[in-house]
Amino acid sequence: MLKVLLKSVREYKKDSLLTPLFITAEVVIECIIPFLTAILVSNIQDGCDMRVIIKYGLWLIALALISLCCGALAGHFSARASCGFAKNLRHDMYSAIQGYSFSNIDKFSTSGLVTRLTTDVANVQMAYMMIIRTAIRCPLMIIFAFVMALIISPKMSIAFGIIIPFLAVGLYLIFRGAHPIFKSVFKKYDNLNNSVQENVSGMRVVKAYVREDHERKKFRRASDEVAADFTKAEKILALNTPLMQFCFNVTMISVCLFGSMLIVKSGSTELEVGELSSLLTYGAQILMSLMFLSMIIVMISMSVASGTRISEVLLEESDIKNPECAVTEVADGSISFENVNFGYSADKMSLTDIDLNIASGETVGIIGGTGSGKTSLVQLISRLYDVSAGSVKVGGVDVREYDLETLRNEVSVVLQKNVLFSGTIKDNLRWGNADATDEEMIRICKLAQADEFISSFPDGYDTYIEQGGTNVSGGQKQRLCIARALLKKPKILILDDSTSAVDTKTDALIRRAFAEEIPDTTKIIIAQRISSVEHADKIVVMNGGRINAVGTHEELIASNEIYREVYESQNKGDAENE
């Protein structure tokens with residue numbers, strides 16, 4: 001995990017190394033100051049003149065200023081290093097997610113990925129800053145302060161030698177109790193985020209079915225689970241403060257008591273008042289460092305769970321990769337399915353024994369019931385998934401031999417629930433072609449029957465689309481998505497039930513525009529309405545993950561029972577509506 005995470009430090013290695021360097025200098029100086037203070041107090045007791053006092057005073061001021069500068073520089077470099085590390089970590093995770101195949105994405109929930117990119121990265125960032133700064137400072141302070149205490153009085157330093165192991169064992173037990181809880185709580189965070197995401201994105205459905213109370217209860221349940229786990233962890237971590245306070249008080253009392261006795265009995269020959277005061281300072285430094293170490297342990301116990309979740313994303317390898325010596329040109333829009341089997345899991349096939357040939361420029365309709373495999377079939381064309389057996393060829397070449405970007409640039413897919421992104425209509429259209437001119441966009445939108453409603457907006461093509469396209473209707477959204485796909489000028493255009501929200505007249509106009517304007521583009525239309533596919537060159541009837549029949553509208557009416565039943569039920573419904 002550490003090896004994976006540390007790859008994201010990159011250009012911030014220098015800042016990460018300078019931080020402990022300045023921290024070390026700060027610690028050394030802070031340990032020298034009490035030593036010089038003890039010498040000064042001893043000189044004052046011996047009746048020194050003002051020149052000695054001024055000399056030591058200037059030394060102490062100078063060291064304090066240098067320590068201040070070192071601490072400030074350490075803070076500056078640690079902030080740069082930790083924030084830069086978090087930035088790179090988010091970038092690396094986001095890039096990794098962008099490279100996932102659909103099957104990889106299926107392994108992670110959307111809310112889980114959001115939690116990893118936000119909460120988990122924030123935890124790791126905080127832990128990294130504490131590790132390169134506080135986690136370096138505290139052990140060094142303990143070591144140097146203990147060495148200085150030994151130099152001043154080996155007898156008195158025994159108190160520190162006893163308390164440090166005792167406290168270390170206590171902190172370890174606290175860590176061991178809290179870590180498993182933090183490990184599990186982030187999974188419940190995912191459920192909490194998932195509840196929020198579903199509720200916000202499905203707000204219209206929630207209100208339409210008056211399910212606000214149900215959603216509140218679901219959110220409260222997820223929130224209570226997170227709170228319960230954190231409460232359990234906090235109860236364990238709450239032992240940290242009283243343990244530290246107990247050790248601090250015992251140590252200070254012991255040093256004061258036995259130190260005073262040693263001064264009195266030896267007549268200040270074995271220990272002087274100034275040295276006792278420095279021992280108290282070193283004791284405070286040691287115990288404060290241990291206290292900060294306990295806080296670091298708490299933070300690390302949280303960040304280890306977060307770091308593991310982040311590394312899962314970074315280590316996940318895409319199932320679909322570019323081949324060596326990839327083909328970088330698609331000859332035409334011909335498609336061939338040869339003995340294709342496909343399943344989202346190994347134990348259940350969604351498509352079986354698929355054999356289908358589509359000539360370049362053909363218009364092919366696909367119909368079938370829910371779960372018949374229509375969408376699964378077309379997702380194999382642009383290699384969103386790989387076949388389990390057999391092969392899919394585009395332009396006479398197996399899709400697994402193509403450069404992924406080349407292949408997907410030649411295949412445009414418009415889904416029933418396609419997505420518009422926040423930005424203007426022009427911004428969304430230019431997803432299809434970043435260099436499209438205004439004239440091109442207007443012409444394509446006319447083909448997609450979108451220009452009329454766009455022109456009715458006060459800002460026209462500069463109209464701002466809210467996130468998810470919530471300020472346009474379903475039919476308008478579908479037409480914008482069709483226009484966006486056409487701007488790619490693809491060799492293959494796939495419409496996956498993407499005219500379901502438009503009326504039959506608009507649907508017919510869109511199909512006529514396709515026939516007239518892009519005759520060389522292979523067009524695959526998945527539809528529930530027979531009227532959307534009846535003029536296709538051929539129609540594929542899907543049933544139970546298999547091809548039930550292939551033919552023209554007339555041929556299927558005459559020979560295929562499934563197609564005829566759908567046609568008659570739709571025409572009967574139309575007749576009754578009239």
# chains A, B, ... in the order shown; residues from 1 in each chain; ligands from 1
>>> select_by_dssp(residues="segment 199-396 of chain A", states="strand (DSSP E)", output="tab-separated table (two decimals) with C-alpha atoms, in the first residue's frame")
chain	number	residue	atom	x	y	z
A	335	ILE	CA	-19.79	-5.23	-38.30
A	336	SER	CA	-19.51	-8.98	-37.87
A	337	PHE	CA	-20.43	-11.07	-34.81
A	338	GLU	CA	-18.91	-14.56	-35.07
A	339	ASN	CA	-19.99	-17.24	-32.53
A	340	VAL	CA	-20.16	-14.62	-29.77
A	341	ASN	CA	-20.88	-15.54	-26.16
A	342	PHE	CA	-20.83	-12.86	-23.46
A	351	LEU	CA	-25.52	-13.44	-25.02
A	352	THR	CA	-25.20	-16.90	-26.55
A	353	ASP	CA	-24.26	-18.09	-30.06
A	354	ILE	CA	-24.53	-14.70	-31.73
A	355	ASP	CA	-23.81	-14.69	-35.48
A	356	LEU	CA	-24.66	-11.49	-37.31
A	357	ASN	CA	-23.25	-9.59	-40.30
A	358	ILE	CA	-23.98	-5.92	-40.92
A	363	THR	CA	-29.58	0.58	-41.12
A	364	VAL	CA	-30.30	-2.23	-38.67
A	365	GLY	CA	-33.12	-2.32	-36.15
A	366	ILE	CA	-32.97	-4.39	-32.97
A	367	ILE	CA	-36.05	-5.22	-30.93
A	368	GLY	CA	-36.65	-7.53	-28.00
A	389	ALA	CA	-15.99	-16.29	-26.57
A	390	GLY	CA	-15.98	-15.68	-30.32
A	391	SER	CA	-15.14	-12.33	-31.93
A	392	VAL	CA	-16.63	-9.00	-32.96
A	393	LYS	CA	-15.15	-7.41	-36.06
A	394	VAL	CA	-15.49	-3.81	-37.25
>>> closest_residue(among="A:Ile300, A:Leu40, A:Cys138, A:Val540", to="Ser372 of chain A", atoms="only C-alpha atoms")
A:Val540
>>> residues_around(residues="Glu410 of chain A", least_positions_apart="3", cutoff="8 Å", atoms="only C-alpha atoms", output="PyMOL selection string")
chain A and resi 330+406-407+488-492
>>> write_last_selection(atoms="C-alpha atoms", output="short mmCIF file (atom, residue, chain, number, x, y, z; two decimals), in the first residue's frame")
data_model
loop_
_atom_site.label_atom_id
_atom_site.label_comp_id
_atom_site.auth_asym_id
_atom_site.auth_seq_id
_atom_site.Cartn_x
_atom_site.Cartn_y
_atom_site.Cartn_z
CA VAL A 330 -11.12 1.78 -39.18
CA THR A 406 -9.42 5.03 -32.68
CA LEU A 407 -12.24 2.49 -32.39
CA LYS A 488 -18.29 12.90 -34.22
CA LYS A 489 -18.97 11.96 -37.86
CA PRO A 490 -18.73 8.29 -36.92
CA LYS A 491 -18.63 5.26 -39.18
CA ILE A 492 -21.09 3.54 -36.82
#
>>> select_by_dssp(residues="segment 289-327 of chain A", states="helix (DSSP H, G or I)", output="PyMOL selection string")
chain A and resi 289-315
>>> write_last_selection(atoms="C-alpha atoms", output="tab-separated table (two decimals), in the first residue's frame")
chain	number	residue	atom	x	y	z
A	289	SER	CA	6.08	14.24	22.30
A	290	LEU	CA	4.53	10.98	23.42
A	291	MET	CA	1.15	12.70	23.60
A	292	PHE	CA	1.53	13.96	20.02
A	293	LEU	CA	2.65	10.49	18.97
A	294	SER	CA	-0.58	9.10	20.36
A	295	MET	CA	-2.53	11.58	18.22
A	296	ILE	CA	-0.50	10.49	15.19
A	297	ILE	CA	-1.29	6.86	15.95
A	298	VAL	CA	-5.02	7.72	15.99
A	299	MET	CA	-4.70	9.55	12.67
A	300	ILE	CA	-2.68	6.74	11.12
A	301	SER	CA	-5.21	4.15	12.29
A	302	MET	CA	-7.82	6.05	10.26
A	303	SER	CA	-5.55	6.72	7.29
A	304	VAL	CA	-4.40	3.10	6.98
A	305	ALA	CA	-8.00	2.10	6.21
A	306	SER	CA	-8.31	5.05	3.82
A	307	GLY	CA	-4.96	4.30	2.19
A	308	THR	CA	-5.98	0.69	1.60
A	309	ARG	CA	-9.17	1.82	-0.15
A	310	ILE	CA	-7.26	4.30	-2.30
A	311	SER	CA	-4.65	1.72	-3.29
A	312	GLU	CA	-7.47	-0.62	-4.35
A	313	VAL	CA	-8.50	1.97	-6.94
A	314	LEU	CA	-4.92	2.62	-8.06
A	315	LEU	CA	-4.03	-1.07	-8.30
>>> closest_atom_pairs(of="segment 340-362 of chain A", to="segment 497-521 of chain A", cutoff="12 Å", atoms="only C-alpha atoms", output="tab-separated table")
residue	atom	partner	partner_atom	distance
A:Ile358	CA	A:Thr521	CA	11.5
A:Ala359	CA	A:Thr521	CA	10.0
A:Ser360	CA	A:Asp520	CA	6.8
A:Gly361	CA	A:Asp520	CA	4.3
A:Glu362	CA	A:Thr521	CA	7.4
>>> closest_residue(among="A:Ser184, A:Ser473, A:Asn193, A:Asn409", to="Thr118 of chain A", atoms="only C-alpha atoms")
A:Asn193
